[in-house]
>>> print(open('input_30.cif').read())   # mmCIF, C-alpha atoms
data_run
#
loop_
_atom_site.label_atom_id
_atom_site.label_comp_id
_atom_site.auth_asym_id
_atom_site.auth_seq_id
_atom_site.Cartn_x
_atom_site.Cartn_y
_atom_site.Cartn_z
CA MET I 28 -6.06 9.73 -13.56
CA ARG I 29 -9.43 8.34 -14.55
CA VAL I 30 -11.32 5.91 -12.36
CA ALA I 31 -14.91 6.45 -13.44
CA GLY I 32 -15.83 4.49 -16.55
CA GLN I 33 -12.74 2.26 -16.36
CA GLY I 34 -14.12 -1.24 -16.01
CA ASN I 35 -10.68 -2.84 -16.12
CA ILE I 36 -9.72 -1.30 -12.75
CA GLY I 37 -9.92 -3.78 -9.87
CA ALA I 38 -7.73 -2.00 -7.32
CA ILE I 39 -7.14 1.59 -6.28
CA VAL I 40 -4.38 2.17 -3.73
CA SER I 41 -3.80 5.65 -2.42
CA PHE I 42 -1.36 7.23 -0.04
CA VAL I 43 -1.89 10.58 1.66
CA GLY I 44 0.95 12.15 3.63
CA GLN I 45 -0.04 14.58 6.30
CA VAL I 46 1.96 17.11 8.37
CA ARG I 47 2.32 15.74 11.90
CA ASP I 48 2.03 18.08 14.88
CA LEU I 49 5.20 16.70 16.51
CA ASN I 50 8.60 15.85 15.00
CA GLU I 51 11.70 14.80 16.93
CA GLY I 52 9.76 15.65 20.09
CA ASP I 53 9.03 19.27 19.17
CA ALA I 54 5.67 20.83 18.36
CA ILE I 55 5.54 21.92 14.72
CA ASN I 56 4.05 25.34 13.97
CA THR I 57 4.57 25.28 10.22
CA LEU I 58 6.32 23.21 7.61
CA THR I 59 7.66 24.89 4.46
CA LEU I 60 8.21 22.82 1.35
CA GLU I 61 10.79 24.18 -1.07
CA HIS I 62 11.41 22.55 -4.44
CA TYR I 63 13.22 22.85 -7.77
CA PRO I 64 10.28 23.12 -10.15
CA GLU I 65 11.78 22.04 -13.50
CA MET I 66 13.58 19.10 -11.89
CA THR I 67 10.49 18.14 -9.90
CA GLU I 68 8.45 17.79 -13.08
CA LYS I 69 11.12 15.61 -14.64
CA ALA I 70 11.60 13.50 -11.50
CA LEU I 71 7.89 12.79 -11.06
CA VAL I 72 7.46 11.76 -14.70
CA GLU I 73 10.51 9.51 -14.40
CA ILE I 74 9.26 7.90 -11.17
CA GLU I 75 5.84 7.21 -12.69
CA ASN I 76 7.44 5.76 -15.82
CA GLN I 77 9.59 3.44 -13.73
CA ALA I 78 6.53 2.28 -11.80
CA LYS I 79 4.66 1.62 -15.05
CA THR I 80 7.61 -0.40 -16.38
CA ARG I 81 7.90 -2.53 -13.26
CA TRP I 82 4.27 -3.24 -12.49
CA ASN I 83 1.14 -3.87 -14.44
CA ILE I 84 -0.63 -0.68 -13.47
CA ILE I 85 -3.34 1.17 -15.33
CA ASP I 86 -2.60 4.70 -14.20
CA SER I 87 -0.98 6.75 -11.45
CA LEU I 88 -1.30 10.22 -10.01
CA ILE I 89 1.13 12.22 -7.87
CA ILE I 90 0.18 15.53 -6.25
CA HIS I 91 2.81 17.17 -4.06
CA ARG I 92 2.21 20.46 -2.32
CA VAL I 93 4.82 23.17 -1.84
CA GLY I 94 4.94 26.33 0.25
CA ILE I 95 3.86 26.81 3.85
CA LEU I 96 1.79 24.05 5.43
CA LYS I 97 0.38 23.53 8.92
CA PRO I 98 -0.03 20.36 11.00
CA GLN I 99 -2.77 18.12 9.57
CA ASP I 100 -2.40 19.66 6.12
CA GLN I 101 -2.00 17.11 3.37
CA ILE I 102 1.49 17.16 1.79
CA VAL I 103 1.27 14.50 -0.86
CA LEU I 104 -1.16 12.21 -2.63
CA VAL I 105 -0.10 9.16 -4.61
CA ALA I 106 -2.84 7.06 -6.20
CA VAL I 107 -2.39 4.00 -8.40
CA THR I 108 -4.95 1.90 -10.27
CA SER I 109 -4.47 -1.65 -11.53
CA ALA I 110 -6.42 -4.79 -12.35
CA HIS I 111 -5.00 -6.74 -9.39
CA ARG I 112 -4.13 -5.39 -5.96
CA GLY I 113 -0.47 -6.41 -5.70
CA ASP I 114 0.56 -4.17 -8.58
CA ALA I 115 -1.17 -1.10 -7.17
CA PHE I 116 0.16 -1.66 -3.63
CA HIS I 117 3.75 -2.16 -4.73
CA ALA I 118 3.75 0.64 -7.29
CA CYS I 119 2.26 3.09 -4.77
CA GLU I 120 4.85 2.23 -2.12
CA PHE I 121 7.64 2.37 -4.74
CA ILE I 122 6.52 5.82 -5.89
CA MET I 123 6.49 7.08 -2.30
CA ASP I 124 9.95 5.64 -1.58
CA TYR I 125 11.33 7.28 -4.71
CA LEU I 126 9.57 10.58 -4.01
CA LYS I 127 11.21 10.63 -0.59
CA THR I 128 14.70 10.10 -1.98
CA SER I 129 14.77 11.26 -5.61
CA ALA I 130 12.45 14.22 -6.03
CA PRO I 131 13.91 17.66 -5.21
CA PHE I 132 11.80 18.73 -2.25
CA TRP I 133 13.15 20.08 1.04
CA LYS I 134 11.28 20.58 4.29
CA LYS I 135 11.90 23.31 6.83
CA GLU I 136 10.11 23.19 10.17
CA VAL I 137 9.22 26.12 12.37
CA THR I 138 9.02 25.16 16.06
CA ASN I 139 8.94 27.33 19.17
CA GLN I 140 12.73 26.91 19.21
CA GLY I 141 13.04 28.44 15.74
CA GLU I 142 13.52 27.19 12.21
CA ARG I 143 15.31 24.01 11.17
CA TRP I 144 15.78 22.05 7.97
CA VAL I 145 14.53 18.47 8.18
CA GLU I 146 17.39 15.98 7.84
CA ALA I 147 17.18 13.22 5.25
CA LYS I 148 16.53 9.84 6.85
CA LEU I 149 18.69 6.79 6.33
CA SER I 150 15.50 4.74 6.64
CA ASP I 151 14.21 6.40 3.45
CA ASP I 152 17.36 5.41 1.56
CA ALA I 153 16.95 1.88 2.88
CA ALA I 154 13.30 1.84 1.80
CA LYS I 155 14.29 2.88 -1.72
CA ALA I 156 17.17 0.40 -1.86
CA ARG I 157 14.75 -2.50 -1.31
CA TRP I 158 13.49 -2.04 -4.86
CA HIS I 159 16.92 -2.76 -6.33
CA LYS I 160 17.19 -6.21 -4.83
CA SER I 161 15.45 -9.25 -6.23
CA SER I 162 13.60 -9.23 -2.96
CA GLY I 163 10.30 -10.71 -4.01
CA LEU I 164 8.71 -7.28 -3.73
CA LYS I 165 8.36 -7.42 -7.42
CA MET S 26 -11.75 5.86 11.94
CA ARG S 27 -10.95 9.49 12.66
CA VAL S 28 -8.54 11.47 10.55
CA ALA S 29 -9.64 15.05 11.19
CA GLY S 30 -8.15 16.48 14.36
CA GLN S 31 -5.55 13.74 14.69
CA GLY S 32 -2.22 15.54 14.52
CA ASN S 33 -0.22 12.37 15.12
CA ILE S 34 -1.28 10.92 11.75
CA GLY S 35 1.44 11.21 9.11
CA ALA S 36 0.24 8.56 6.65
CA ILE S 37 -3.12 7.38 5.35
CA VAL S 38 -3.09 4.36 3.06
CA SER S 39 -6.31 3.19 1.51
CA PHE S 40 -7.31 0.37 -0.76
CA VAL S 41 -10.51 0.26 -2.79
CA GLY S 42 -11.47 -2.91 -4.59
CA GLN S 43 -13.75 -2.54 -7.55
CA VAL S 44 -15.77 -5.03 -9.63
CA ARG S 45 -14.02 -5.51 -12.98
CA ASP S 46 -16.05 -5.81 -16.16
CA LEU S 47 -14.12 -8.89 -17.31
CA ASN S 48 -13.01 -11.99 -15.41
CA GLU S 49 -11.39 -15.08 -16.90
CA GLY S 50 -12.14 -13.58 -20.31
CA ASP S 51 -15.89 -13.27 -19.79
CA ALA S 52 -17.94 -10.10 -19.46
CA ILE S 53 -19.42 -9.80 -15.98
CA ASN S 54 -23.03 -8.73 -15.70
CA THR S 55 -23.31 -8.89 -11.91
CA LEU S 56 -21.30 -10.10 -8.96
CA THR S 57 -23.11 -11.37 -5.87
CA LEU S 58 -21.30 -11.35 -2.54
CA GLU S 59 -22.58 -13.86 0.00
CA HIS S 60 -21.24 -13.93 3.55
CA TYR S 61 -21.65 -15.47 7.00
CA PRO S 62 -22.53 -12.39 9.04
CA GLU S 63 -21.59 -13.42 12.60
CA MET S 64 -18.30 -14.94 11.46
CA THR S 65 -17.55 -11.94 9.25
CA GLU S 66 -17.80 -9.58 12.22
CA LYS S 67 -15.47 -11.78 14.24
CA ALA S 68 -12.99 -12.25 11.37
CA LEU S 69 -12.74 -8.53 10.62
CA VAL S 70 -12.15 -7.65 14.27
CA GLU S 71 -9.50 -10.37 14.48
CA ILE S 72 -7.73 -9.22 11.30
CA GLU S 73 -7.66 -5.61 12.51
CA ASN S 74 -6.34 -6.71 15.90
CA GLN S 75 -3.56 -8.69 14.27
CA ALA S 76 -2.61 -5.69 12.15
CA LYS S 77 -2.54 -3.47 15.25
CA THR S 78 -0.30 -5.96 17.04
CA ARG S 79 2.16 -6.26 14.17
CA TRP S 80 2.48 -2.63 13.09
CA ASN S 81 2.48 0.70 14.77
CA ILE S 82 -0.79 1.92 13.34
CA ILE S 83 -3.17 4.50 14.74
CA ASP S 84 -6.43 3.20 13.37
CA SER S 85 -7.96 1.07 10.64
CA LEU S 86 -11.27 0.78 8.87
CA ILE S 87 -12.72 -2.08 6.82
CA ILE S 88 -15.93 -1.75 4.81
CA HIS S 89 -16.99 -4.76 2.76
CA ARG S 90 -20.13 -4.78 0.68
CA VAL S 91 -22.43 -7.77 0.24
CA GLY S 92 -25.32 -8.50 -2.11
CA ILE S 93 -25.57 -7.84 -5.83
CA LEU S 94 -22.91 -5.56 -7.36
CA LYS S 95 -22.25 -4.40 -10.91
CA PRO S 96 -18.96 -3.75 -12.74
CA GLN S 97 -17.25 -0.62 -11.40
CA ASP S 98 -19.06 -0.87 -8.07
CA GLN S 99 -16.79 -0.68 -5.07
CA ILE S 100 -16.55 -3.99 -3.16
CA VAL S 101 -14.23 -3.19 -0.30
CA LEU S 102 -12.47 -0.29 1.39
CA VAL S 103 -9.52 -0.74 3.74
CA ALA S 104 -7.96 2.39 5.22
CA VAL S 105 -5.10 2.56 7.72
CA THR S 106 -3.56 5.54 9.50
CA SER S 107 -0.13 5.69 11.12
CA ALA S 108 2.65 8.11 12.01
CA HIS S 109 5.05 6.71 9.39
CA ARG S 110 4.19 5.36 5.96
CA GLY S 111 5.70 1.85 6.17
CA ASP S 112 3.32 0.80 8.93
CA ALA S 113 0.20 1.95 7.08
CA PHE S 114 1.30 0.40 3.76
CA HIS S 115 2.13 -2.98 5.26
CA ALA S 116 -0.90 -3.12 7.55
CA CYS S 117 -3.25 -2.22 4.68
CA GLU S 118 -1.79 -4.89 2.40
CA PHE S 119 -1.83 -7.42 5.26
CA ILE S 120 -5.50 -6.70 5.98
CA MET S 121 -6.38 -7.17 2.30
CA ASP S 122 -4.44 -10.45 2.07
CA TYR S 123 -6.21 -11.75 5.17
CA LEU S 124 -9.61 -10.53 4.01
CA LYS S 125 -9.12 -12.47 0.76
CA THR S 126 -8.28 -15.70 2.55
CA SER S 127 -9.79 -15.62 6.05
CA ALA S 128 -13.05 -13.68 5.96
CA PRO S 129 -16.17 -15.67 5.01
CA PHE S 130 -17.21 -14.00 1.76
CA TRP S 131 -18.02 -15.81 -1.47
CA LYS S 132 -18.42 -14.33 -4.93
CA LYS S 133 -20.77 -15.56 -7.63
CA GLU S 134 -20.54 -14.07 -11.11
CA VAL S 135 -23.31 -13.81 -13.64
CA THR S 136 -22.01 -13.80 -17.24
CA ASN S 137 -23.86 -14.32 -20.51
CA GLN S 138 -22.96 -18.01 -20.14
CA GLY S 139 -24.79 -18.22 -16.81
CA GLU S 140 -23.85 -18.19 -13.12
CA ARG S 141 -20.59 -19.42 -11.65
CA TRP S 142 -18.92 -19.31 -8.26
CA VAL S 143 -15.53 -17.60 -8.25
CA GLU S 144 -12.74 -20.03 -7.41
CA ALA S 145 -10.31 -19.22 -4.61
CA LYS S 146 -6.90 -18.25 -5.98
CA LEU S 147 -3.67 -19.93 -4.98
CA SER S 148 -2.01 -16.52 -5.44
CA ASP S 149 -4.13 -15.19 -2.56
CA ASP S 150 -2.94 -17.99 -0.27
CA ALA S 151 0.63 -17.22 -1.30
CA ALA S 152 0.09 -13.51 -0.60
CA LYS S 153 -1.16 -14.33 2.89
CA ALA S 154 1.65 -16.80 3.53
CA ARG S 155 4.24 -14.07 3.00
CA TRP S 156 3.28 -12.57 6.35
CA HIS S 157 4.28 -15.74 8.21
CA LYS S 158 7.86 -15.68 7.03
CA SER S 159 10.53 -13.49 8.51
CA SER S 160 10.64 -11.91 5.08
CA GLY S 161 11.51 -8.37 5.99
CA LEU S 162 7.90 -7.43 5.41
CA LYS S 163 7.80 -7.58 9.23
CA MET M 9 -26.12 -34.08 21.12
CA ASN M 10 -27.90 -31.28 19.30
CA ILE M 11 -26.03 -28.86 17.10
CA LYS M 12 -26.86 -26.39 14.38
CA ILE M 13 -25.30 -26.68 10.91
CA LEU M 14 -25.05 -23.84 8.38
CA TYR M 15 -24.13 -24.22 4.70
CA PHE M 16 -22.84 -21.44 2.46
CA ALA M 17 -22.25 -20.62 -1.19
CA ARG M 18 -21.60 -23.57 -3.51
CA ILE M 19 -22.20 -26.04 -0.64
CA LYS M 20 -25.55 -24.50 0.23
CA GLU M 21 -26.68 -24.77 -3.39
CA ALA M 22 -25.47 -28.37 -3.71
CA VAL M 23 -27.30 -29.65 -0.62
CA ASN M 24 -30.19 -27.23 -1.01
CA TYR M 25 -30.14 -26.39 2.70
CA SER M 26 -28.91 -23.23 4.34
CA THR M 27 -29.33 -24.33 7.95
CA GLU M 28 -30.53 -27.30 9.96
CA ASP M 29 -30.76 -28.43 13.56
CA ILE M 30 -29.50 -31.96 13.93
CA ASN M 31 -29.13 -34.56 16.64
CA LEU M 32 -25.79 -36.31 16.23
CA PRO M 33 -25.12 -40.01 16.92
CA ALA M 34 -22.74 -40.63 19.83
CA ASP M 35 -19.79 -41.47 17.56
CA VAL M 36 -19.94 -38.14 15.72
CA SER M 37 -17.94 -35.67 17.74
CA THR M 38 -15.43 -34.06 15.35
CA VAL M 39 -15.61 -32.17 12.06
CA ILE M 40 -14.32 -35.15 10.09
CA THR M 41 -16.77 -37.61 11.64
CA LEU M 42 -19.58 -35.14 10.97
CA LYS M 43 -18.47 -34.87 7.32
CA ASN M 44 -18.52 -38.68 7.06
CA HIS M 45 -21.95 -38.76 8.67
CA LEU M 46 -23.32 -36.23 6.17
CA SER M 47 -21.75 -38.15 3.26
CA GLN M 48 -24.21 -40.94 3.86
CA ARG M 49 -27.23 -38.79 3.00
CA GLY M 50 -26.95 -39.39 -0.76
CA GLU M 51 -24.85 -38.76 -3.81
CA ASN M 52 -24.81 -34.94 -3.71
CA TRP M 53 -23.78 -35.06 -0.05
CA ALA M 54 -21.16 -37.74 -0.64
CA ASN M 55 -19.66 -35.72 -3.50
CA LEU M 56 -19.19 -32.76 -1.18
CA PHE M 57 -18.11 -34.44 2.01
CA ASN M 58 -16.07 -37.46 0.91
CA GLY M 59 -12.86 -35.47 1.13
CA LYS M 60 -12.29 -34.92 -2.59
CA GLN M 61 -13.50 -31.33 -2.49
CA VAL M 62 -12.10 -28.67 -0.21
CA VAL M 63 -14.81 -27.92 2.33
CA ARG M 64 -13.85 -25.55 5.09
CA ALA M 65 -15.47 -25.68 8.52
CA ALA M 66 -16.06 -23.20 11.30
CA ILE M 67 -17.26 -23.86 14.81
CA ASN M 68 -18.96 -20.97 16.55
CA HIS M 69 -17.63 -18.56 13.88
CA THR M 70 -13.99 -19.65 14.10
CA LEU M 71 -12.26 -21.51 11.28
CA VAL M 72 -11.25 -25.00 12.42
CA ASP M 73 -9.62 -28.08 10.91
CA ASP M 74 -11.10 -31.55 10.42
CA LEU M 75 -9.95 -32.81 13.82
CA ALA M 76 -11.73 -30.08 15.80
CA LYS M 77 -14.12 -31.35 18.49
CA ILE M 78 -17.82 -30.56 18.28
CA GLN M 79 -19.82 -29.93 21.46
CA ALA M 80 -23.52 -29.79 22.18
CA GLY M 81 -25.04 -26.47 21.17
CA ASP M 82 -22.24 -25.64 18.70
CA GLU M 83 -22.90 -23.80 15.48
CA VAL M 84 -20.98 -25.66 12.78
CA ALA M 85 -20.64 -24.10 9.32
CA PHE M 86 -19.48 -25.66 6.05
CA PHE M 87 -18.34 -23.59 3.10
CA PRO M 88 -15.93 -23.51 0.15
CA PRO M 89 -12.63 -21.60 0.26
CA VAL M 90 -13.46 -17.92 0.68
CA THR M 91 -13.25 -15.42 -2.19
CA GLY M 92 -13.98 -12.02 -0.69
CA GLY M 93 -12.09 -8.76 -0.85
CA MET H 3 32.49 28.55 -20.52
CA ASN H 4 29.31 30.09 -19.14
CA ILE H 5 26.92 28.10 -16.99
CA LYS H 6 24.10 28.82 -14.61
CA ILE H 7 24.22 27.63 -10.99
CA LEU H 8 21.18 27.21 -8.71
CA TYR H 9 21.30 26.69 -4.93
CA PHE H 10 18.48 25.24 -2.86
CA ALA H 11 17.36 24.89 0.76
CA ARG H 12 20.13 24.84 3.37
CA ILE H 13 22.79 25.51 0.70
CA LYS H 14 20.94 28.52 -0.64
CA GLU H 15 20.69 30.00 2.84
CA ALA H 16 24.36 29.32 3.63
CA VAL H 17 25.71 31.01 0.49
CA ASN H 18 22.93 33.58 0.36
CA TYR H 19 22.44 33.08 -3.37
CA SER H 20 19.67 31.31 -5.16
CA THR H 21 21.09 31.55 -8.67
CA GLU H 22 24.08 32.94 -10.53
CA ASP H 23 25.53 33.03 -14.03
CA ILE H 24 29.22 32.21 -13.93
CA ASN H 25 32.10 31.98 -16.36
CA LEU H 26 34.21 28.95 -15.43
CA PRO H 27 38.02 28.74 -15.71
CA ALA H 28 39.21 26.23 -18.28
CA ASP H 29 40.21 23.62 -15.68
CA VAL H 30 36.72 23.48 -14.16
CA SER H 31 34.74 20.97 -16.21
CA THR H 32 33.21 18.50 -13.73
CA VAL H 33 31.00 18.72 -10.67
CA ILE H 34 33.88 18.02 -8.30
CA THR H 35 36.16 20.63 -9.86
CA LEU H 36 33.29 23.14 -9.69
CA LYS H 37 32.81 22.33 -6.01
CA ASN H 38 36.52 22.90 -5.40
CA HIS H 39 36.33 26.16 -7.33
CA LEU H 40 33.40 27.40 -5.24
CA SER H 41 35.19 26.35 -2.01
CA GLN H 42 37.71 29.12 -2.62
CA ARG H 43 35.10 31.87 -2.24
CA GLY H 44 35.35 32.02 1.56
CA GLU H 45 34.66 30.11 4.73
CA ASN H 46 30.91 29.54 4.29
CA TRP H 47 31.55 28.24 0.77
CA ALA H 48 34.46 26.07 1.86
CA ASN H 49 32.36 24.56 4.67
CA LEU H 50 29.74 23.49 2.15
CA PHE H 51 31.87 22.37 -0.75
CA ASN H 52 35.00 20.85 0.82
CA GLY H 53 33.43 17.40 0.76
CA LYS H 54 32.60 17.09 4.46
CA GLN H 55 28.92 17.81 3.90
CA VAL H 56 26.71 15.85 1.54
CA VAL H 57 25.90 18.22 -1.31
CA ARG H 58 23.97 16.71 -4.18
CA ALA H 59 24.26 18.03 -7.71
CA ALA H 60 21.98 18.01 -10.75
CA ILE H 61 22.88 18.97 -14.31
CA ASN H 62 19.97 20.08 -16.47
CA HIS H 63 17.49 18.69 -13.89
CA THR H 64 19.05 15.23 -13.66
CA LEU H 65 20.81 14.03 -10.52
CA VAL H 66 24.52 13.41 -11.23
CA ASP H 67 27.60 12.35 -9.28
CA ASP H 68 30.78 14.32 -8.64
CA LEU H 69 32.52 13.07 -11.78
CA ALA H 70 29.81 14.28 -14.16
CA LYS H 71 31.03 16.57 -16.95
CA ILE H 72 29.77 20.13 -17.20
CA GLN H 73 29.24 21.74 -20.60
CA ALA H 74 28.70 25.30 -21.71
CA GLY H 75 25.13 26.44 -21.15
CA ASP H 76 24.40 23.78 -18.50
CA GLU H 77 22.17 24.47 -15.52
CA VAL H 78 23.96 23.06 -12.49
CA ALA H 79 22.10 22.83 -9.16
CA PHE H 80 23.45 22.19 -5.66
CA PHE H 81 21.23 21.04 -2.82
CA PRO H 82 21.20 18.91 0.33
CA PRO H 83 19.72 15.38 0.38
CA VAL H 84 16.03 15.67 -0.46
CA THR H 85 13.30 15.39 2.18
CA GLY H 86 9.98 15.50 0.34
CA GLY H 87 7.00 13.19 0.39
#
>>> encode(input="input_30.cif", output="structure tokens")
Amino acid sequence: MRVAGQGNIGAIVSFVGQVRDLNEGDAINTLTLEHYPEMTEKALVEIENQAKTRWNIIDSLIIHRVGILKPQDQIVLVAVTSAHRGDAFHACEFIMDYLKTSAPFWKKEVTNQGERWVEAKLSDDAAKARWHKSSGLK
Amino acid sequence: MRVAGQGNIGAIVSFVGQVRDLNEGDAINTLTLEHYPEMTEKALVEIENQAKTRWNIIDSLIIHRVGILKPQDQIVLVAVTSAHRGDAFHACEFIMDYLKTSAPFWKKEVTNQGERWVEAKLSDDAAKARWHKSSGLK
Amino acid sequence: MNIKILYFARIKEAVNYSTEDINLPADVSTVITLKNHLSQRGENWANLFNGKQVVRAAINHTLVDDLAKIQAGDEVAFFPPVTGG
Amino acid sequence: MNIKILYFARIKEAVNYSTEDINLPADVSTVITLKNHLSQRGENWANLFNGKQVVRAAINHTLVDDLAKIQAGDEVAFFPPVTGG
């Protein structure tokens, strides 16, 4: 994604996700991100294409880490550029909601009580479902 | 705003506004930002306090430039940290909508046709008004 | 009573003042009566303050509407709709 | 027909396989019939694929539902609901 030298860009919205030190009340030692590489590639391209179809954005960038992470490590970066701020805000949030529910990543936490897979959240499905409705978000 | 060493932060949303090289079809040579310093201070504190009351955010930061800017210069940075992404996204967008409509800044453009004050946009008032409704945006 | 008035942006350029200290007549005690008072200073002032243009006001750094009361020592500011961000 | 199956995350650990090449019986030609087929491999397989747990499927890297058709040479993947981002 280019920003320098792009005089048509008026807005840059970015999201950084970071590993929290507590989840469900337990201290997190490490977080392991597993994924399905070929499907990940396809899913990320598809999510970015959908965002570009729905909003008037100039460019977008998704970086998602995999492997073993520690609290305060960055997990994901989503950045979107557009002429006007609404497009970049909505497209960035849309990409995150779709990443959470449509891209093949799985998190496993190591706490002092042992290992556990992170459960999918209903709130993430609800966040994604908002984009289907004619809800004024687009 | 601290990010390093804050293990409770799960989401960092930032917005950067940038001077575009074209506005209303005319090439922009410079953009001058005038403001009312004492009121600006008060307005920014008030906007951040409102955001902190409405969403579960950890911290926020607003940097707004004044004086003479050129295309591709950064005008404004708004960054918000929270445990969960929805709070940071909504608070960041809220702060931008309020900055656009409630903070005493005025833009004057210099084009090849001369100087002109930028007109306030009805779309900015509409963007701000969304936050009054029980629109699900919270 | 004595107050201070500040003008910004397009308004400042139109009246060619950025700030003034002024002693108000007894019947001028709200934003709207102050606007009417200023309208009488001449054509450029009348054009701004006769109500046909949107002129926002702040008292002591807080946005107020036309009916807001003005008190001695207040800092009153006039400016066009804001366009920051 | 011959297909390839991949297992991920919790599913991979439960079946203790990450990938396998398999020759399917003639009556197994959809995701749901493949799930039923795998259920017969033993208790840990049955627990996963008897429909009580949410197991998502992808064919050739695209998310599909239980009625999706499987064709020779397909890469079928089974995994729990995703939790990235």
>>> resolve_selection(input="input_30.cif", expression="the PyMOL selection byres ((chain I) within 9 of (chain H))", output="PyMOL selection string")
chain I and resi 44+60-63+65-67+69-70+91+102-104+123-135+144-148
>>> closest_residue(input="input_30.cif", among="S:Val103, S:Val135, S:Ala151, S:Ile72", to="I:Ser41", atoms="only C-alpha atoms")
S:Val103
>>> interface_residues(input="input_30.cif", of="chain S", to="chain I", cutoff="8 Å", atoms="all atoms listed in the file", output="PDB file with C-alpha atoms, in the frame of the given file")
ATOM      1  CA  ALA S  29      -9.640  15.050  11.190  1.00  0.00           C
ATOM      2  CA  GLY S  30      -8.150  16.480  14.360  1.00  0.00           C
ATOM      3  CA  GLN S  31      -5.550  13.740  14.690  1.00  0.00           C
ATOM      4  CA  GLY S  32      -2.220  15.540  14.520  1.00  0.00           C
ATOM      5  CA  ASN S  33      -0.220  12.370  15.120  1.00  0.00           C
ATOM      6  CA  ILE S  34      -1.280  10.920  11.750  1.00  0.00           C
ATOM      7  CA  GLY S  35       1.440  11.210   9.110  1.00  0.00           C
ATOM      8  CA  ALA S  36       0.240   8.560   6.650  1.00  0.00           C
ATOM      9  CA  ILE S  37      -3.120   7.380   5.350  1.00  0.00           C
ATOM     10  CA  VAL S  38      -3.090   4.360   3.060  1.00  0.00           C
ATOM     11  CA  SER S  39      -6.310   3.190   1.510  1.00  0.00           C
ATOM     12  CA  PHE S  40      -7.310   0.370  -0.760  1.00  0.00           C
ATOM     13  CA  VAL S  41     -10.510   0.260  -2.790  1.00  0.00           C
ATOM     14  CA  GLY S  42     -11.470  -2.910  -4.590  1.00  0.00           C
ATOM     15  CA  GLN S  43     -13.750  -2.540  -7.550  1.00  0.00           C
ATOM     16  CA  VAL S  44     -15.770  -5.030  -9.630  1.00  0.00           C
ATOM     17  CA  ARG S  45     -14.020  -5.510 -12.980  1.00  0.00           C
ATOM     18  CA  ASP S  46     -16.050  -5.810 -16.160  1.00  0.00           C
ATOM     19  CA  LEU S  47     -14.120  -8.890 -17.310  1.00  0.00           C
ATOM     20  CA  PRO S  96     -18.960  -3.750 -12.740  1.00  0.00           C
ATOM     21  CA  GLN S  97     -17.250  -0.620 -11.400  1.00  0.00           C
ATOM     22  CA  ALA S 108       2.650   8.110  12.010  1.00  0.00           C
ATOM     23  CA  ARG S 110       4.190   5.360   5.960  1.00  0.00           C
ATOM     24  CA  PHE S 114       1.300   0.400   3.760  1.00  0.00           C
ATOM     25  CA  GLU S 118      -1.790  -4.890   2.400  1.00  0.00           C
TER      26      GLU S 118
END
>>> atom_distance(input="input_30.cif", atom1="atom CA of M:Phe86", atom2="atom CA of M:Asp35")
19.6 Å
>>> atom_distance(input="input_30.cif", atom1="atom CA of M:Leu75", atom2="atom CA of M:Asn44")
12.4 Å
>>> residues_around(input="input_30.cif", residues="stretch 70-78 of chain H", least_positions_apart="4", cutoff="7 Å", atoms="all atoms listed in the file", output="PyMOL selection string")
chain H and resi 3-8+31-33+59-62+66
>>> resolve_selection(input="input_30.cif", expression="the PyMOL selection byres ((chain H and resi 46) around 12)", output="VMD selection string")
chain H and resid 12 to 19 40 to 45 47 to 52 55
>>> write_last_selection(input="input_30.cif", atoms="C-alpha atoms", output="PDB file, in the coordinates of the input")
ATOM      1  CA  ARG H  12      20.130  24.840   3.370  1.00  0.00           C
ATOM      2  CA  ILE H  13      22.790  25.510   0.700  1.00  0.00           C
ATOM      3  CA  LYS H  14      20.940  28.520  -0.640  1.00  0.00           C
ATOM      4  CA  GLU H  15      20.690  30.000   2.840  1.00  0.00           C
ATOM      5  CA  ALA H  16      24.360  29.320   3.630  1.00  0.00           C
ATOM      6  CA  VAL H  17      25.710  31.010   0.490  1.00  0.00           C
ATOM      7  CA  ASN H  18      22.930  33.580   0.360  1.00  0.00           C
ATOM      8  CA  TYR H  19      22.440  33.080  -3.370  1.00  0.00           C
ATOM      9  CA  LEU H  40      33.400  27.400  -5.240  1.00  0.00           C
ATOM     10  CA  SER H  41      35.190  26.350  -2.010  1.00  0.00           C
ATOM     11  CA  GLN H  42      37.710  29.120  -2.620  1.00  0.00           C
ATOM     12  CA  ARG H  43      35.100  31.870  -2.240  1.00  0.00           C
ATOM     13  CA  GLY H  44      35.350  32.020   1.560  1.00  0.00           C
ATOM     14  CA  GLU H  45      34.660  30.110   4.730  1.00  0.00           C
ATOM     15  CA  TRP H  47      31.550  28.240   0.770  1.00  0.00           C
ATOM     16  CA  ALA H  48      34.460  26.070   1.860  1.00  0.00           C
ATOM     17  CA  ASN H  49      32.360  24.560   4.670  1.00  0.00           C
ATOM     18  CA  LEU H  50      29.740  23.490   2.150  1.00  0.00           C
ATOM     19  CA  PHE H  51      31.870  22.370  -0.750  1.00  0.00           C
ATOM     20  CA  ASN H  52      35.000  20.850   0.820  1.00  0.00           C
ATOM     21  CA  GLN H  55      28.920  17.810   3.900  1.00  0.00           C
TER      22      GLN H  55
END
>>> atom_distance(input="input_30.cif", atom1="atom CA of I:Lys97", atom2="atom CA of I:Ile55")
7.9 Å
>>> residues_near_point(input="input_30.cif", point="(2.0, -5.4, -13.2)", cutoff="8 Å", atoms="all atoms listed in the file", output="list in words")
Lys79, Arg81, Trp82, Asn83, Ile84, Ser109, Gly113 and Asp114 of chain I
>>> closest_residue(input="input_30.cif", among="S:Ser85, S:Asn74, S:Thr136, S:Ser148", to="S:Arg27", atoms="all atoms listed in the file")
S:Ser85
